[in-house]
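entry00.pdb follows (PDB, C-alpha atoms, pLDDT in the B column):
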MODEL        1
ATOM      1  CA  MET A  16      34.235  40.117 -45.396  1.00 45.00           C
ATOM      2  CA  PRO A  17      30.508  40.553 -44.550  1.00 52.00           C
ATOM      3  CA  GLU A  18      28.606  42.942 -46.831  1.00 54.00           C
ATOM      4  CA  GLY A  19      27.655  45.275 -43.942  1.00 59.00           C
ATOM      5  CA  SER A  20      31.283  45.577 -42.944  1.00 67.00           C
ATOM      6  CA  ALA A  21      32.315  46.543 -46.481  1.00 68.00           C
ATOM      7  CA  GLY A  22      29.624  49.239 -46.532  1.00 65.00           C
ATOM      8  CA  GLN A  23      30.768  50.551 -43.175  1.00 72.00           C
ATOM      9  CA  ASP A  24      34.379  50.637 -44.384  1.00 79.00           C
ATOM     10  CA  SER A  25      33.246  52.589 -47.452  1.00 80.00           C
ATOM     11  CA  ALA A  26      31.336  55.082 -45.278  1.00 82.00           C
ATOM     12  CA  GLU A  27      34.305  55.444 -42.955  1.00 85.00           C
ATOM     13  CA  HIS A  28      36.592  56.083 -45.926  1.00 82.00           C
ATOM     14  CA  SER A  29      34.177  58.687 -47.328  1.00 82.00           C
ATOM     15  CA  VAL A  30      33.872  60.488 -43.990  1.00 82.00           C
ATOM     16  CA  GLU A  31      37.608  60.360 -43.429  1.00 83.00           C
ATOM     17  CA  MET A  32      38.315  61.741 -46.917  1.00 81.00           C
ATOM     18  CA  THR A  33      35.730  64.541 -46.688  1.00 80.00           C
ATOM     19  CA  LEU A  34      36.460  65.732 -43.165  1.00 80.00           C
ATOM     20  CA  GLY A  35      40.182  65.225 -43.697  1.00 77.00           C
ATOM     21  CA  HIS A  36      39.874  67.423 -46.794  1.00 75.00           C
ATOM     22  CA  LEU A  37      38.157  70.124 -44.735  1.00 77.00           C
ATOM     23  CA  ARG A  38      40.867  69.811 -42.076  1.00 76.00           C
ATOM     24  CA  ALA A  39      43.525  70.254 -44.789  1.00 74.00           C
ATOM     25  CA  ILE A  40      41.726  73.321 -46.176  1.00 73.00           C
ATOM     26  CA  ASP A  41      41.789  74.826 -42.681  1.00 68.00           C
ATOM     27  CA  GLY A  42      45.549  74.222 -42.475  1.00 65.00           C
ATOM     28  CA  PRO A  43      47.681  72.745 -39.710  1.00 65.00           C
ATOM     29  CA  VAL A  44      47.026  73.509 -36.071  1.00 63.00           C
ATOM     30  CA  PRO A  45      49.537  76.233 -35.150  1.00 61.00           C
ATOM     31  CA  VAL A  46      52.161  75.399 -32.559  1.00 61.00           C
ATOM     32  CA  GLN A  47      53.060  78.069 -30.015  1.00 54.00           C
ATOM     33  CA  PRO A  48      56.830  78.479 -29.408  1.00 54.00           C
ATOM     34  CA  PRO A  49      57.544  77.084 -25.920  1.00 54.00           C
ATOM     35  CA  ALA A  50      59.355  80.224 -24.729  1.00 54.00           C
ATOM     36  CA  ALA A  51      56.514  82.616 -25.556  1.00 61.00           C
ATOM     37  CA  PRO A  52      53.704  82.982 -23.020  1.00 65.00           C
ATOM     38  CA  LEU A  53      50.344  82.074 -24.515  1.00 74.00           C
ATOM     39  CA  THR A  54      47.701  84.781 -24.553  1.00 83.00           C
ATOM     40  CA  LEU A  55      43.975  84.636 -25.173  1.00 85.00           C
ATOM     41  CA  GLU A  56      44.581  86.669 -28.325  1.00 89.00           C
ATOM     42  CA  ASP A  57      47.061  84.027 -29.569  1.00 87.00           C
ATOM     43  CA  LEU A  58      44.509  81.271 -28.996  1.00 88.00           C
ATOM     44  CA  TYR A  59      41.803  83.259 -30.749  1.00 91.00           C
ATOM     45  CA  ARG A  60      43.970  83.986 -33.771  1.00 90.00           C
ATOM     46  CA  GLN A  61      45.333  80.435 -34.035  1.00 88.00           C
ATOM     47  CA  HIS A  62      42.257  78.312 -33.274  1.00 90.00           C
ATOM     48  CA  ARG A  63      39.110  80.352 -33.958  1.00 92.00           C
ATOM     49  CA  MET A  64      38.526  79.306 -37.573  1.00 91.00           C
ATOM     50  CA  ARG A  65      39.075  75.615 -36.867  1.00 90.00           C
ATOM     51  CA  LEU A  66      36.632  75.817 -33.935  1.00 93.00           C
ATOM     52  CA  VAL A  67      34.092  77.641 -36.106  1.00 93.00           C
ATOM     53  CA  ARG A  68      34.330  74.880 -38.742  1.00 91.00           C
ATOM     54  CA  LEU A  69      33.866  72.269 -35.993  1.00 91.00           C
ATOM     55  CA  ALA A  70      30.763  74.093 -34.772  1.00 92.00           C
ATOM     56  CA  ILE A  71      29.404  74.476 -38.334  1.00 91.00           C
ATOM     57  CA  LEU A  72      29.722  70.729 -38.834  1.00 89.00           C
ATOM     58  CA  LEU A  73      27.785  70.189 -35.606  1.00 90.00           C
ATOM     59  CA  VAL A  74      25.030  72.842 -35.898  1.00 90.00           C
ATOM     60  CA  ASP A  75      24.796  73.481 -39.676  1.00 85.00           C
ATOM     61  CA  GLU A  76      24.550  77.274 -39.435  1.00 88.00           C
ATOM     62  CA  PRO A  77      27.598  79.548 -39.774  1.00 91.00           C
ATOM     63  CA  ALA A  78      26.109  82.390 -37.711  1.00 92.00           C
ATOM     64  CA  THR A  79      25.141  80.036 -34.885  1.00 93.00           C
ATOM     65  CA  ALA A  80      28.560  78.380 -35.070  1.00 93.00           C
ATOM     66  CA  GLU A  81      30.226  81.792 -34.714  1.00 95.00           C
ATOM     67  CA  ASP A  82      28.085  82.467 -31.624  1.00 95.00           C
ATOM     68  CA  VAL A  83      28.999  79.094 -30.088  1.00 95.00           C
ATOM     69  CA  VAL A  84      32.717  79.753 -30.590  1.00 95.00           C
ATOM     70  CA  GLN A  85      32.422  83.294 -29.256  1.00 95.00           C
ATOM     71  CA  GLU A  86      30.734  81.932 -26.125  1.00 95.00           C
ATOM     72  CA  ALA A  87      33.537  79.379 -25.741  1.00 95.00           C
ATOM     73  CA  PHE A  88      36.166  82.134 -25.848  1.00 95.00           C
ATOM     74  CA  THR A  89      34.126  84.235 -23.418  1.00 94.00           C
ATOM     75  CA  GLY A  90      34.046  81.287 -21.010  1.00 92.00           C
ATOM     76  CA  LEU A  91      37.781  80.798 -21.432  1.00 92.00           C
ATOM     77  CA  HIS A  92      38.365  84.467 -20.650  1.00 90.00           C
ATOM     78  CA  ARG A  93      36.350  84.097 -17.422  1.00 90.00           C
ATOM     79  CA  ASN A  94      38.385  81.015 -16.422  1.00 85.00           C
ATOM     80  CA  TRP A  95      41.777  82.128 -17.761  1.00 83.00           C
ATOM     81  CA  GLY A  96      43.443  82.188 -14.328  1.00 80.00           C
ATOM     82  CA  LYS A  97      42.454  78.562 -13.616  1.00 81.00           C
ATOM     83  CA  LEU A  98      44.152  77.027 -16.683  1.00 76.00           C
ATOM     84  CA  ARG A  99      47.146  74.716 -16.339  1.00 71.00           C
ATOM     85  CA  ASP A 100      48.674  75.350 -19.786  1.00 73.00           C
ATOM     86  CA  ALA A 101      48.015  76.036 -23.467  1.00 66.00           C
ATOM     87  CA  ALA A 102      46.945  72.443 -24.182  1.00 70.00           C
ATOM     88  CA  ALA A 103      44.340  72.737 -21.441  1.00 82.00           C
ATOM     89  CA  ALA A 104      43.064  75.961 -23.038  1.00 87.00           C
ATOM     90  CA  VAL A 105      42.565  74.296 -26.434  1.00 88.00           C
ATOM     91  CA  GLY A 106      40.857  71.313 -24.779  1.00 88.00           C
ATOM     92  CA  TYR A 107      38.627  73.687 -22.812  1.00 90.00           C
ATOM     93  CA  LEU A 108      37.640  75.505 -26.006  1.00 93.00           C
ATOM     94  CA  ARG A 109      36.918  72.288 -27.912  1.00 92.00           C
ATOM     95  CA  THR A 110      34.764  70.938 -25.079  1.00 92.00           C
ATOM     96  CA  ALA A 111      32.968  74.278 -24.776  1.00 94.00           C
ATOM     97  CA  VAL A 112      32.209  74.259 -28.514  1.00 94.00           C
ATOM     98  CA  VAL A 113      30.847  70.698 -28.345  1.00 93.00           C
ATOM     99  CA  ASN A 114      28.725  71.547 -25.296  1.00 93.00           C
ATOM    100  CA  GLY A 115      27.563  74.828 -26.821  1.00 93.00           C
ATOM    101  CA  SER A 116      26.595  73.020 -30.016  1.00 92.00           C
ATOM    102  CA  ARG A 117      24.639  70.472 -27.986  1.00 91.00           C
ATOM    103  CA  SER A 118      22.779  73.301 -26.263  1.00 90.00           C
ATOM    104  CA  VAL A 119      21.902  74.837 -29.617  1.00 90.00           C
ATOM    105  CA  LEU A 120      20.587  71.524 -30.869  1.00 86.00           C
ATOM    106  CA  ARG A 121      18.547  70.977 -27.676  1.00 84.00           C
ATOM    107  CA  ARG A 122      17.007  74.443 -28.031  1.00 83.00           C
ATOM    108  CA  ARG A 123      16.157  73.729 -31.655  1.00 78.00           C
ATOM    109  CA  LYS A 124      14.554  70.448 -30.719  1.00 74.00           C
ATOM    110  CA  THR A 125      12.409  72.080 -28.089  1.00 73.00           C
ATOM    111  CA  ALA A 126      11.486  75.083 -30.228  1.00 64.00           C
ATOM    112  CA  ARG A 127      10.706  73.109 -33.360  1.00 61.00           C
ATOM    113  CA  GLU A 128       9.648  69.802 -31.820  1.00 58.00           C
ATOM    114  CA  TYR A 129      12.673  68.516 -33.637  1.00 44.00           C
ATOM    115  CA  VAL A 130      12.025  69.234 -37.258  1.00 46.00           C
ATOM    116  CA  PRO A 131      15.565  68.692 -38.588  1.00 50.00           C
ATOM    117  CA  PRO A 132      17.053  72.105 -39.522  1.00 49.00           C
ATOM    118  CA  HIS A 133      18.913  70.974 -42.612  1.00 51.00           C
ATOM    119  CA  ALA A 134      18.353  73.675 -45.175  1.00 49.00           C
ATOM    120  CA  VAL A 135      20.062  73.119 -48.520  1.00 46.00           C
ATOM    121  CA  ASN A 136      21.973  76.399 -48.268  1.00 44.00           C
ATOM    122  CA  ALA A 137      22.761  76.217 -44.539  1.00 47.00           C
ATOM    123  CA  ARG A 138      26.516  76.245 -45.062  1.00 49.00           C
ATOM    124  CA  SER A 139      28.450  79.067 -46.585  1.00 52.00           C
ATOM    125  CA  ALA A 140      28.836  79.019 -50.353  1.00 50.00           C
ATOM    126  CA  GLU A 141      32.615  79.167 -49.985  1.00 56.00           C
ATOM    127  CA  SER A 142      32.866  76.002 -47.908  1.00 58.00           C
ATOM    128  CA  LEU A 143      30.660  73.985 -50.275  1.00 53.00           C
ATOM    129  CA  ALA A 144      32.395  75.374 -53.346  1.00 56.00           C
ATOM    130  CA  MET A 145      35.649  73.857 -52.111  1.00 59.00           C
ATOM    131  CA  LEU A 146      34.120  70.368 -51.952  1.00 60.00           C
ATOM    132  CA  SER A 147      33.650  67.902 -54.771  1.00 68.00           C
ATOM    133  CA  THR A 148      30.209  66.409 -55.437  1.00 69.00           C
ATOM    134  CA  GLU A 149      31.217  63.265 -53.527  1.00 72.00           C
ATOM    135  CA  HIS A 150      32.372  65.313 -50.533  1.00 73.00           C
ATOM    136  CA  GLN A 151      29.150  67.349 -50.622  1.00 74.00           C
ATOM    137  CA  ALA A 152      27.162  64.099 -50.529  1.00 77.00           C
ATOM    138  CA  VAL A 153      29.079  62.992 -47.425  1.00 80.00           C
ATOM    139  CA  VAL A 154      28.513  66.336 -45.662  1.00 80.00           C
ATOM    140  CA  SER A 155      24.815  66.195 -46.576  1.00 80.00           C
ATOM    141  CA  ALA A 156      24.490  62.619 -45.275  1.00 83.00           C
ATOM    142  CA  LEU A 157      26.413  63.597 -42.149  1.00 85.00           C
ATOM    143  CA  SER A 158      23.878  66.329 -41.427  1.00 83.00           C
ATOM    144  CA  LYS A 159      21.104  63.702 -41.378  1.00 86.00           C
ATOM    145  CA  LEU A 160      22.685  61.721 -38.536  1.00 88.00           C
ATOM    146  CA  PRO A 161      21.481  62.041 -34.950  1.00 90.00           C
ATOM    147  CA  PRO A 162      23.479  64.722 -33.098  1.00 88.00           C
ATOM    148  CA  ARG A 163      25.598  62.341 -30.975  1.00 90.00           C
ATOM    149  CA  GLN A 164      26.594  60.235 -33.990  1.00 90.00           C
ATOM    150  CA  ARG A 165      27.458  63.328 -36.020  1.00 89.00           C
ATOM    151  CA  GLU A 166      29.432  64.715 -33.069  1.00 89.00           C
ATOM    152  CA  VAL A 167      31.576  61.579 -32.748  1.00 91.00           C
ATOM    153  CA  LEU A 168      32.344  61.397 -36.486  1.00 90.00           C
ATOM    154  CA  VAL A 169      33.135  65.123 -36.725  1.00 88.00           C
ATOM    155  CA  LEU A 170      35.437  65.004 -33.699  1.00 89.00           C
ATOM    156  CA  ARG A 171      37.170  61.882 -35.039  1.00 89.00           C
ATOM    157  CA  TYR A 172      37.578  62.705 -38.705  1.00 86.00           C
ATOM    158  CA  TYR A 173      37.528  66.514 -38.762  1.00 83.00           C
ATOM    159  CA  GLY A 174      38.950  67.138 -35.307  1.00 85.00           C
ATOM    160  CA  GLY A 175      41.472  64.314 -35.691  1.00 86.00           C
ATOM    161  CA  LEU A 176      40.867  63.299 -32.079  1.00 88.00           C
ATOM    162  CA  SER A 177      41.591  59.919 -30.545  1.00 89.00           C
ATOM    163  CA  GLU A 178      38.842  57.907 -28.845  1.00 91.00           C
ATOM    164  CA  ALA A 179      40.121  59.129 -25.467  1.00 90.00           C
ATOM    165  CA  GLU A 180      40.030  62.774 -26.601  1.00 90.00           C
ATOM    166  CA  ILE A 181      36.530  62.347 -28.054  1.00 90.00           C
ATOM    167  CA  SER A 182      35.453  60.722 -24.800  1.00 89.00           C
ATOM    168  CA  GLU A 183      36.741  63.730 -22.865  1.00 88.00           C
ATOM    169  CA  ALA A 184      35.349  66.373 -25.231  1.00 87.00           C
ATOM    170  CA  ALA A 185      31.918  64.739 -25.561  1.00 87.00           C
ATOM    171  CA  GLY A 186      31.638  63.564 -21.955  1.00 88.00           C
ATOM    172  CA  ILE A 187      31.017  59.914 -22.877  1.00 91.00           C
ATOM    173  CA  SER A 188      32.955  56.693 -22.261  1.00 92.00           C
ATOM    174  CA  LYS A 189      35.487  55.337 -24.755  1.00 92.00           C
ATOM    175  CA  GLY A 190      33.246  52.314 -25.316  1.00 93.00           C
ATOM    176  CA  THR A 191      30.344  54.620 -26.170  1.00 93.00           C
ATOM    177  CA  VAL A 192      32.611  56.489 -28.586  1.00 93.00           C
ATOM    178  CA  LYS A 193      33.439  53.208 -30.377  1.00 92.00           C
ATOM    179  CA  SER A 194      29.863  51.945 -30.565  1.00 93.00           C
ATOM    180  CA  THR A 195      28.486  55.351 -31.567  1.00 92.00           C
ATOM    181  CA  ALA A 196      31.095  55.684 -34.329  1.00 91.00           C
ATOM    182  CA  SER A 197      30.240  52.228 -35.632  1.00 91.00           C
ATOM    183  CA  ARG A 198      26.492  52.952 -35.680  1.00 92.00           C
ATOM    184  CA  ALA A 199      27.123  56.368 -37.222  1.00 89.00           C
ATOM    185  CA  LEU A 200      29.195  54.949 -40.069  1.00 90.00           C
ATOM    186  CA  GLU A 201      26.509  52.347 -40.756  1.00 90.00           C
ATOM    187  CA  ALA A 202      23.771  55.012 -40.768  1.00 88.00           C
ATOM    188  CA  LEU A 203      25.913  57.278 -42.950  1.00 86.00           C
ATOM    189  CA  GLN A 204      26.417  54.507 -45.490  1.00 86.00           C
ATOM    190  CA  LYS A 205      22.632  53.966 -45.658  1.00 86.00           C
ATOM    191  CA  ALA A 206      21.988  57.717 -45.962  1.00 83.00           C
ATOM    192  CA  MET A 207      24.480  57.971 -48.830  1.00 82.00           C
ATOM    193  CA  GLN A 208      22.788  55.092 -50.668  1.00 80.00           C
ATOM    194  CA  THR A 209      19.302  56.563 -50.257  1.00 74.00           C
ATOM    195  CA  PRO A 210      18.387  59.044 -52.991  1.00 64.00           C
ATOM    196  CA  ASN A 211      17.309  62.484 -51.715  1.00 57.00           C
TER     197      ASN A 211
ENDMDL
END
So that I can check it, write out the structure of this file as structure tokens.
Amino acid sequence: MPEGSAGQDSAEHSVEMTLGHLRAIDGPVPVQPPAAPLTLEDLYRQHRMRLVRLAILLVDEPATAEDVVQEAFTGLHRNWGKLRDAAAAVGYLRTAVVNGSRSVLRRRKTAREYVPPHAVNARSAESLAMLSTEHQAVVSALSKLPPRQREVLVLRYYGGLSEAEISEAAGISKGTVKSTASRALEALQKAMQTPN
């Protein structure tokens, strides 16, 4: 096996373990009983925290992540009558969080001429306290990736989405998802090997 491939496999394993660990901490995605009509309140109660964690992984600031998720739910409320079903509502929210996070990052780039906003204490103390040193290193390296690469890895390994679902949520082709994930894992491996 080529050396680069082994490094990429190691990075993929590290990302999968760390974001999978965060997904496990957040608990399983609740399933709505088929007979009960789904309400906006049900969606908020069942999916809010997972969407906030997704946004935190994308924008690095809990308060901003909360705002992004709140905006996603506000948009869902405005479009509630147009939804097909509960699965469409969750997909709408996930896409809105990804798009809202992108907007935040674009605004940051413009406002700061893209000085990466990766403060050491950007995440909540509780979320970092639940991670081992190795997991913290992965999250730190993840925050150094370009936004699109970080987005794809977070949606894949934290969101547990397939390439098709990532393609839909991020608005990119499946081929772009694959190539971006590959480049992201390679960059992550390099970032983890580089001392701070």
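Atom CA of Pro77 of chain A lies 25.3 Å from atom CA of Ser182 of chain A.
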Polymer residues at most 10 Å from (36.1, 72.7, -24.4) by only C-alpha atoms, as a ChimeraX atom specification: /A:84,87-88,90-91,103-115,183-185
Selection result of the PyMOL selection byres ((chain A and resi 30) around 9) on this file, as a PyMOL selection string: chain A and resi 25-29+31-35+150+153-154+157+168-169+172-173+200+203
Mind dumping the selected residues with C-alpha atoms as a PDB file, in the frame of the given file?
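The file below, result.pdb, is the result:
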ATOM      1  CA  SER A  25      33.246  52.589 -47.452  1.00 80.00           C
ATOM      2  CA  ALA A  26      31.336  55.082 -45.278  1.00 82.00           C
ATOM      3  CA  GLU A  27      34.305  55.444 -42.955  1.00 85.00           C
ATOM      4  CA  HIS A  28      36.592  56.083 -45.926  1.00 82.00           C
ATOM      5  CA  SER A  29      34.177  58.687 -47.328  1.00 82.00           C
ATOM      6  CA  GLU A  31      37.608  60.360 -43.429  1.00 83.00           C
ATOM      7  CA  MET A  32      38.315  61.741 -46.917  1.00 81.00           C
ATOM      8  CA  THR A  33      35.730  64.541 -46.688  1.00 80.00           C
ATOM      9  CA  LEU A  34      36.460  65.732 -43.165  1.00 80.00           C
ATOM     10  CA  GLY A  35      40.182  65.225 -43.697  1.00 77.00           C
ATOM     11  CA  HIS A 150      32.372  65.313 -50.533  1.00 73.00           C
ATOM     12  CA  VAL A 153      29.079  62.992 -47.425  1.00 80.00           C
ATOM     13  CA  VAL A 154      28.513  66.336 -45.662  1.00 80.00           C
ATOM     14  CA  LEU A 157      26.413  63.597 -42.149  1.00 85.00           C
ATOM     15  CA  LEU A 168      32.344  61.397 -36.486  1.00 90.00           C
ATOM     16  CA  VAL A 169      33.135  65.123 -36.725  1.00 88.00           C
ATOM     17  CA  TYR A 172      37.578  62.705 -38.705  1.00 86.00           C
ATOM     18  CA  TYR A 173      37.528  66.514 -38.762  1.00 83.00           C
ATOM     19  CA  LEU A 200      29.195  54.949 -40.069  1.00 90.00           C
ATOM     20  CA  LEU A 203      25.913  57.278 -42.950  1.00 86.00           C
TER      21      LEU A 203
END
Best match for closeness to Ser118 of chain A among A:Arg99, A:Glu149, A:His92, A:Glu86, counting all atoms listed in the file: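 Result for the nearest residue to Ser118 of chain A: A:Glu86.
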Distance criterion (all atoms listed in the file): nearest to Lys159 of chain A out of A:Ser177, A:Gln204, A:Gln85, A:Ser194: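 That would be A:Gln204, the residue with the smallest distance to Lys159 of chain A.
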Residue among A:Leu55, A:Ile71, A:Leu160, A:Leu170 lying closest to Arg93 of chain A, counting all atoms listed in the file: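 Going through A:Leu55, A:Ile71, A:Leu160, A:Leu170 one by one, the smallest distance to Arg93 of chain A is for A:Leu55.
Of note, atom CA of Glu166 of chain A and atom CA of Leu37 of chain A are spaced 15.5 Å apart.
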Point-to-point distance in Å for atom CA of Arg117 of chain A and atom CA of Gly190 of chain A: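 Between these atoms lies a distance of 20.3 Å.
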Starting from the sparse input, extend segment 50-78 of chain A to N, CA and C atoms and give the output as a short mmCIF file (atom, residue, chain, number, x, y, z; two decimals), keeping the file's coordinate frame.
data_model
loop_
_atom_site.label_atom_id
_atom_site.label_comp_id
_atom_site.auth_asym_id
_atom_site.auth_seq_id
_atom_site.Cartn_x
_atom_site.Cartn_y
_atom_site.Cartn_z
N ALA A 50 58.84 79.13 -25.55
CA ALA A 50 59.36 80.22 -24.73
C ALA A 50 58.34 81.37 -24.59
N ALA A 51 57.45 81.49 -25.57
CA ALA A 51 56.51 82.62 -25.56
C ALA A 51 55.30 82.29 -24.69
N PRO A 52 54.91 83.23 -23.82
CA PRO A 52 53.70 82.98 -23.02
C PRO A 52 52.47 83.06 -23.91
N LEU A 53 51.56 82.14 -23.71
CA LEU A 53 50.34 82.07 -24.52
C LEU A 53 49.33 83.09 -24.02
N THR A 54 48.73 83.82 -24.93
CA THR A 54 47.70 84.78 -24.55
C THR A 54 46.37 84.34 -25.15
N LEU A 55 45.30 84.91 -24.64
CA LEU A 55 43.98 84.64 -25.17
C LEU A 55 43.90 85.08 -26.63
N GLU A 56 44.55 86.18 -26.94
CA GLU A 56 44.58 86.67 -28.32
C GLU A 56 45.27 85.66 -29.25
N ASP A 57 46.37 85.05 -28.77
CA ASP A 57 47.06 84.03 -29.57
C ASP A 57 46.13 82.86 -29.85
N LEU A 58 45.44 82.40 -28.82
CA LEU A 58 44.51 81.27 -29.00
C LEU A 58 43.41 81.63 -29.99
N TYR A 59 42.88 82.82 -29.87
CA TYR A 59 41.80 83.26 -30.75
C TYR A 59 42.29 83.28 -32.20
N ARG A 60 43.42 83.87 -32.42
CA ARG A 60 43.97 83.99 -33.77
C ARG A 60 44.31 82.61 -34.35
N GLN A 61 44.85 81.72 -33.54
CA GLN A 61 45.33 80.44 -34.03
C GLN A 61 44.24 79.37 -34.16
N HIS A 62 43.21 79.43 -33.33
CA HIS A 62 42.26 78.31 -33.27
C HIS A 62 40.82 78.67 -33.63
N ARG A 63 40.50 79.94 -33.75
CA ARG A 63 39.11 80.35 -33.96
C ARG A 63 38.48 79.71 -35.19
N MET A 64 39.13 79.80 -36.33
CA MET A 64 38.53 79.31 -37.57
C MET A 64 38.30 77.80 -37.53
N ARG A 65 39.24 77.07 -36.97
CA ARG A 65 39.08 75.61 -36.87
C ARG A 65 37.90 75.29 -35.93
N LEU A 66 37.75 76.04 -34.86
CA LEU A 66 36.63 75.82 -33.94
C LEU A 66 35.30 76.21 -34.59
N VAL A 67 35.31 77.25 -35.39
CA VAL A 67 34.09 77.64 -36.11
C VAL A 67 33.69 76.53 -37.08
N ARG A 68 34.64 75.98 -37.81
CA ARG A 68 34.33 74.88 -38.74
C ARG A 68 33.77 73.68 -37.97
N LEU A 69 34.38 73.36 -36.82
CA LEU A 69 33.87 72.27 -35.99
C LEU A 69 32.41 72.54 -35.62
N ALA A 70 32.13 73.74 -35.17
CA ALA A 70 30.76 74.09 -34.77
C ALA A 70 29.81 74.06 -35.97
N ILE A 71 30.25 74.52 -37.14
CA ILE A 71 29.40 74.48 -38.33
C ILE A 71 29.03 73.03 -38.65
N LEU A 72 30.00 72.13 -38.55
CA LEU A 72 29.72 70.73 -38.83
C LEU A 72 28.74 70.14 -37.83
N LEU A 73 28.69 70.70 -36.63
CA LEU A 73 27.78 70.19 -35.61
C LEU A 73 26.41 70.85 -35.65
N VAL A 74 26.32 72.14 -35.97
CA VAL A 74 25.03 72.84 -35.90
C VAL A 74 24.48 73.29 -37.25
N ASP A 75 25.25 73.19 -38.32
CA ASP A 75 24.80 73.48 -39.68
C ASP A 75 24.51 74.94 -40.00
N GLU A 76 24.82 75.86 -39.15
CA GLU A 76 24.55 77.27 -39.44
C GLU A 76 25.78 78.10 -39.07
N PRO A 77 26.39 78.76 -40.05
CA PRO A 77 27.60 79.55 -39.77
C PRO A 77 27.41 80.62 -38.69
N ALA A 78 26.31 81.34 -38.71
CA ALA A 78 26.11 82.39 -37.71
C ALA A 78 26.00 81.80 -36.31
#
